[in-house]
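Here the structure is laid out as structure tokens; the discussion comes afterwards.
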Amino acid sequence: MRKIILFIMIFNLISIIIIPTFIVVSLNIFHFNQYKIDIYNIKTENYMKLDIDEYLKGVVAAEMPAKFEIEALKAQAVAARTYTLKKLKSKELTTDSNRDQAWLSKKELKDRWGDKYIFYWSKVSAAVEETKGLVLMYDNKLISAVYHSSSGDYTEDAVAVWGNSVPYLKSVPSYYEESSPYYSKQKFYSINDICHVLDLEKRDLDNIKIIKRSSSHRVLSLKIGNRFFTGKDFRKKLGLPSTNFTIKREGKFLKLKTSGYGHGVGMSQYGANGMAKNKYNFKEILLHYYPKTQLKIFW
């Protein structure tokens, strides 16, 4: 009797656990190897091998305020996942926010969030887990899911920033951005500082003209005196939040009024949060900022 019972137990073990496990592993159903990715950490100057979802949680937490609406955080998670997988196909991924996406460790997030860490980490984790495997595609290929902080009232067309026309990176209205701290800002620069930074004469500032703006009202080119500047170069030299600006001389100062923050292409994070507050879900947010794309399960 004992032998029969032992036989039945062994048979059940083989049929219920061992055989299904063998099948899953041999067919690679869950693509275990694809979950681990290598990232170069510029702070430690070492490579990290992380589960992709754990990496994405650090990205979402670093790139978007955790106080934002959950649907905005979900949209950020999908955009970040898409960006990550597309980048990994051709180039190394780093934590350098000037090249790739920002990323913060749990320790850094504990320092940043303090006693709100558990709540915020749970929220960010939910945004990643609840969109697990979802990516944005165009023509059955991963898109360049670029994003920025705030666009003002319209996002920018990729062709105006990088010179390449991209079907899903066109200028679209960005509603609900009034809550953004970058929606409208102004700054005064002394004439002496402007002349020093731009290598101009004081008399040049008597003749300032915006030559061309993009369809989203961002400055493409301007002329000061006899010098021509691109909007991007002018923004970089003066450290402006965006190229959506007006410029006016007032006595010994130059007044610049800006709207938005960042290159303006793709998803506006503050716009996404505004949409979420107005009951749009993450899918609607993504398809608004990346028109003509499709949401698909990558794994």
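In the structure tokens, the first chain shown is A, the next is B, and so on; residue numbers restart at 1 for each chain, and ligands run from 1 in the order shown.
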Please build the interface table for region 99-182 of chain A against region 72-88 of chain A with a cut-off of 6 Å, listing for each qualifying residue the nearest atom pair and the distance in Å to one decimal; count only C-alpha atoms, order rows by chain and increasing number, and write it as JSON lines.
{"residue": "A:Ala127", "atom": "CA", "partner": "A:Lys74", "partner_atom": "CA", "distance": 4.5}
{"residue": "A:Val128", "atom": "CA", "partner": "A:Ala77", "partner_atom": "CA", "distance": 5.5}
{"residue": "A:Val135", "atom": "CA", "partner": "A:Thr82", "partner_atom": "CA", "distance": 5.0}
{"residue": "A:Leu142", "atom": "CA", "partner": "A:Lys86", "partner_atom": "CA", "distance": 6.0}
{"residue": "A:Ala145", "atom": "CA", "partner": "A:Tyr83", "partner_atom": "CA", "distance": 5.3}
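Counting only C-alpha atoms, region 51-60 of chain A has the following residues at most 6 Å away, ignoring those fewer than 6 positions along the same chain: Tyr35, Lys36, Ala102, Trp103, Leu104 and Ser125 of chain A.
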Residue selection dump (C-alpha atoms) as a PDB file, in the first residue's frame:
ATOM      1  CA  TYR A  35      13.769  40.521 -18.535  1.00  0.00           C
ATOM      2  CA  LYS A  36      17.376  41.192 -17.550  1.00  0.00           C
ATOM      3  CA  ALA A 102      17.119  59.301 -15.886  1.00  0.00           C
ATOM      4  CA  TRP A 103      17.170  56.506 -13.301  1.00  0.00           C
ATOM      5  CA  LEU A 104      17.259  56.497  -9.500  1.00  0.00           C
ATOM      6  CA  SER A 125       5.349  50.051  -9.105  1.00  0.00           C
TER       7      SER A 125
END
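Here CA of Ala66 (chain A) is placed at a distance of 6.7 Å from CA of Val124 (chain A).
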How would you write, as a VMD selection string, the set of residues in region 196-294 of chain A that DSSP gives as strand (DSSP E or B)?
chain A and resid 208 to 213 219 to 224 227 to 230 245 to 250 253 to 258 261 265 267 to 268 294
Generate the output file for the selected residues, N, CA and C atoms, as a CSV table (one decimal), in the first residue's frame.
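Output file selection_28.csv is given in full below:
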chain,number,residue,atom,x,y,z
A,208,ILE,N,16.1,93.7,-32.7
A,208,ILE,CA,15.9,92.3,-32.4
A,208,ILE,C,14.6,91.9,-33.2
A,209,LYS,N,14.8,90.8,-34.0
A,209,LYS,CA,13.6,90.3,-34.8
A,209,LYS,C,13.5,88.8,-34.8
A,210,ILE,N,12.3,88.3,-34.5
A,210,ILE,CA,12.1,86.9,-34.7
A,210,ILE,C,11.9,86.6,-36.2
A,211,ILE,N,12.7,85.8,-36.8
A,211,ILE,CA,12.6,85.6,-38.2
A,211,ILE,C,11.5,84.5,-38.6
A,212,LYS,N,11.6,83.4,-37.8
A,212,LYS,CA,10.7,82.3,-38.1
A,212,LYS,C,10.3,81.5,-36.9
A,213,ARG,N,9.0,81.1,-36.9
A,213,ARG,CA,8.5,80.2,-35.8
A,213,ARG,C,8.0,79.0,-36.4
A,219,VAL,N,10.5,79.3,-31.6
A,219,VAL,CA,11.4,80.1,-32.4
A,219,VAL,C,12.4,79.2,-33.2
A,220,LEU,N,12.4,79.3,-34.5
A,220,LEU,CA,13.3,78.6,-35.3
A,220,LEU,C,14.6,79.4,-35.6
A,221,SER,N,14.3,80.7,-35.8
A,221,SER,CA,15.5,81.6,-36.1
A,221,SER,C,15.1,83.0,-35.7
A,222,LEU,N,16.2,83.8,-35.3
A,222,LEU,CA,16.0,85.2,-34.9
A,222,LEU,C,17.3,85.9,-35.3
A,223,LYS,N,17.1,87.3,-35.4
A,223,LYS,CA,18.2,88.1,-35.8
A,223,LYS,C,18.4,89.2,-34.8
A,224,ILE,N,19.6,89.4,-34.3
A,224,ILE,CA,19.9,90.5,-33.4
A,224,ILE,C,21.1,91.3,-34.0
A,227,ARG,N,23.5,89.6,-36.5
A,227,ARG,CA,23.8,88.2,-36.2
A,227,ARG,C,22.5,87.4,-36.3
A,228,PHE,N,22.6,86.2,-36.8
A,228,PHE,CA,21.5,85.3,-36.9
A,228,PHE,C,21.8,84.1,-35.9
A,229,PHE,N,20.7,83.7,-35.2
A,229,PHE,CA,20.7,82.6,-34.3
A,229,PHE,C,19.6,81.6,-34.6
A,230,THR,N,19.8,80.4,-34.3
A,230,THR,CA,18.7,79.4,-34.4
A,230,THR,C,18.1,79.5,-33.0
A,245,PHE,N,9.5,81.3,-27.0
A,245,PHE,CA,9.7,82.6,-26.2
A,245,PHE,C,9.5,83.8,-27.0
A,246,THR,N,9.2,84.9,-26.2
A,246,THR,CA,9.2,86.2,-26.8
A,246,THR,C,10.3,87.0,-26.2
A,247,ILE,N,10.8,88.0,-26.9
A,247,ILE,CA,12.0,88.8,-26.5
A,247,ILE,C,11.7,90.3,-26.7
A,248,LYS,N,12.1,91.0,-25.6
A,248,LYS,CA,11.8,92.5,-25.7
A,248,LYS,C,12.8,93.2,-24.9
A,249,ARG,N,13.4,94.3,-25.4
A,249,ARG,CA,14.3,95.2,-24.7
A,249,ARG,C,13.5,96.1,-23.8
A,250,GLU,N,13.9,96.2,-22.5
A,250,GLU,CA,13.3,97.2,-21.6
A,250,GLU,C,14.4,97.9,-20.9
A,253,PHE,N,17.7,96.2,-19.7
A,253,PHE,CA,17.5,94.7,-19.6
A,253,PHE,C,16.8,94.2,-20.8
A,254,LEU,N,16.9,92.9,-21.0
A,254,LEU,CA,16.2,92.2,-22.0
A,254,LEU,C,15.2,91.2,-21.3
A,255,LYS,N,13.9,91.3,-21.6
A,255,LYS,CA,12.9,90.5,-21.0
A,255,LYS,C,12.6,89.3,-21.9
A,256,LEU,N,12.7,88.1,-21.4
A,256,LEU,CA,12.3,86.9,-22.2
A,256,LEU,C,11.2,86.2,-21.4
A,257,LYS,N,10.1,86.0,-22.2
A,257,LYS,CA,9.0,85.2,-21.6
A,257,LYS,C,8.9,83.9,-22.3
A,258,THR,N,8.9,82.8,-21.6
A,258,THR,CA,8.9,81.5,-22.1
A,258,THR,C,7.7,80.7,-21.7
A,261,TYR,N,8.9,73.5,-21.2
A,261,TYR,CA,10.2,73.1,-20.8
A,261,TYR,C,10.6,71.8,-21.5
A,265,VAL,N,8.9,67.6,-28.1
A,265,VAL,CA,8.5,66.6,-29.0
A,265,VAL,C,7.9,65.4,-28.2
A,267,MET,N,5.4,63.1,-25.9
A,267,MET,CA,4.5,63.3,-24.8
A,267,MET,C,4.9,64.4,-23.8
A,268,SER,N,4.0,65.3,-23.5
A,268,SER,CA,4.2,66.3,-22.5
A,268,SER,C,3.8,65.7,-21.2
A,294,GLN,N,0.1,52.3,-32.3
A,294,GLN,CA,-0.7,51.2,-31.7
A,294,GLN,C,-0.1,50.7,-30.4
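Between CA of Ala62 (chain A) and CA of Ile37 (chain A) the separation is 18.2 Å.
If you look at CA of Asn281 (chain A) and CA of Glu71 (chain A), they are 5.5 Å away from each other.
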Nearest to Tyr120 (chain A): which of A:Gly133, A:Asp139, A:Phe298, A:Ile70 is it, counting only C-alpha atoms?
A:Ile70
Just the residues within 12 Å of Asn244 (chain A), please, counting only C-alpha atoms, with nothing from its chain fewer than 3 positions along; format it as an NGL selection string.
:A and (150-156 or 182-186 or 210 or 212-221 or 231-232 or 234-235 or 240-241 or 247 or 256-264)
What residues in region 28-128 of chain A get the DSSP label helix (DSSP H, G or I)? Please answer as number ranges by chain.
A: 32-35, 52-63, 70-88, 106-128
For Glu108 (chain A), list every protein, DNA or RNA residue within 12 Å, evaluated using only C-alpha atoms, and leave out those in the same chain fewer than 2 positions away; present the list as a list in words.
Lys43, Gly58, Ala61, Ala62, Trp103, Leu104, Ser105, Lys106, Lys110, Asp111, Arg112, Trp113, Gly114, Tyr117 and Trp121 of chain A
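The residue that comes closest to Tyr40 (chain A), out of A:Leu200, A:Leu93, A:Leu295, A:Ala158 and on the basis of only C-alpha atoms, is A:Leu93.
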Any idea what's packed within 10 Å of Phe68 (chain A), counting only C-alpha atoms, ignoring anything in its chain fewer than 5 positions away? Could you give it as a VMD selection string?
chain A and resid 73 120 123 to 124 269 to 270 272 to 274 276 to 277
Same residues, N, CA and C atoms, saved as a CSV table (one decimal), in the first residue's frame:
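Saved to part_37.csv:
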chain,number,residue,atom,x,y,z
A,73,LEU,N,1.3,58.3,-14.8
A,73,LEU,CA,2.4,57.4,-14.5
A,73,LEU,C,2.4,56.2,-15.4
A,120,TYR,N,4.8,56.3,-2.5
A,120,TYR,CA,5.1,56.7,-3.9
A,120,TYR,C,5.7,55.5,-4.6
A,123,LYS,N,3.0,53.3,-5.8
A,123,LYS,CA,2.3,53.9,-6.9
A,123,LYS,C,3.0,53.7,-8.2
A,124,VAL,N,4.3,54.0,-8.2
A,124,VAL,CA,5.1,53.9,-9.3
A,124,VAL,C,5.2,52.4,-9.8
A,269,GLN,N,4.7,65.6,-20.2
A,269,GLN,CA,4.4,65.0,-18.9
A,269,GLN,C,3.3,65.8,-18.1
A,270,TYR,N,3.5,67.1,-18.1
A,270,TYR,CA,2.4,67.9,-17.4
A,270,TYR,C,1.1,67.8,-18.2
A,272,ALA,N,0.1,65.2,-19.9
A,272,ALA,CA,-0.4,63.9,-19.6
A,272,ALA,C,-1.1,63.9,-18.2
A,273,ASN,N,-0.5,64.6,-17.3
A,273,ASN,CA,-1.1,64.6,-15.9
A,273,ASN,C,-2.4,65.4,-16.0
A,274,GLY,N,-2.4,66.5,-16.8
A,274,GLY,CA,-3.7,67.3,-16.9
A,274,GLY,C,-4.8,66.4,-17.5
A,276,ALA,N,-5.0,63.2,-17.4
A,276,ALA,CA,-5.4,62.2,-16.4
A,276,ALA,C,-6.3,62.8,-15.4
A,277,LYS,N,-6.1,64.0,-15.0
A,277,LYS,CA,-7.0,64.7,-14.0
A,277,LYS,C,-8.4,64.9,-14.6
Using only C-alpha atoms, the shortest atom-to-atom distance to Gln101 (chain A) among A:Cys195, A:Val166, A:Ile39, A:Met137 belongs to A:Ile39
Between A:Asn46, A:Thr293, A:Asn207, A:Asn140, which one has atoms that come closest to Gly225 (chain A), using only C-alpha atoms?
A:Asn207
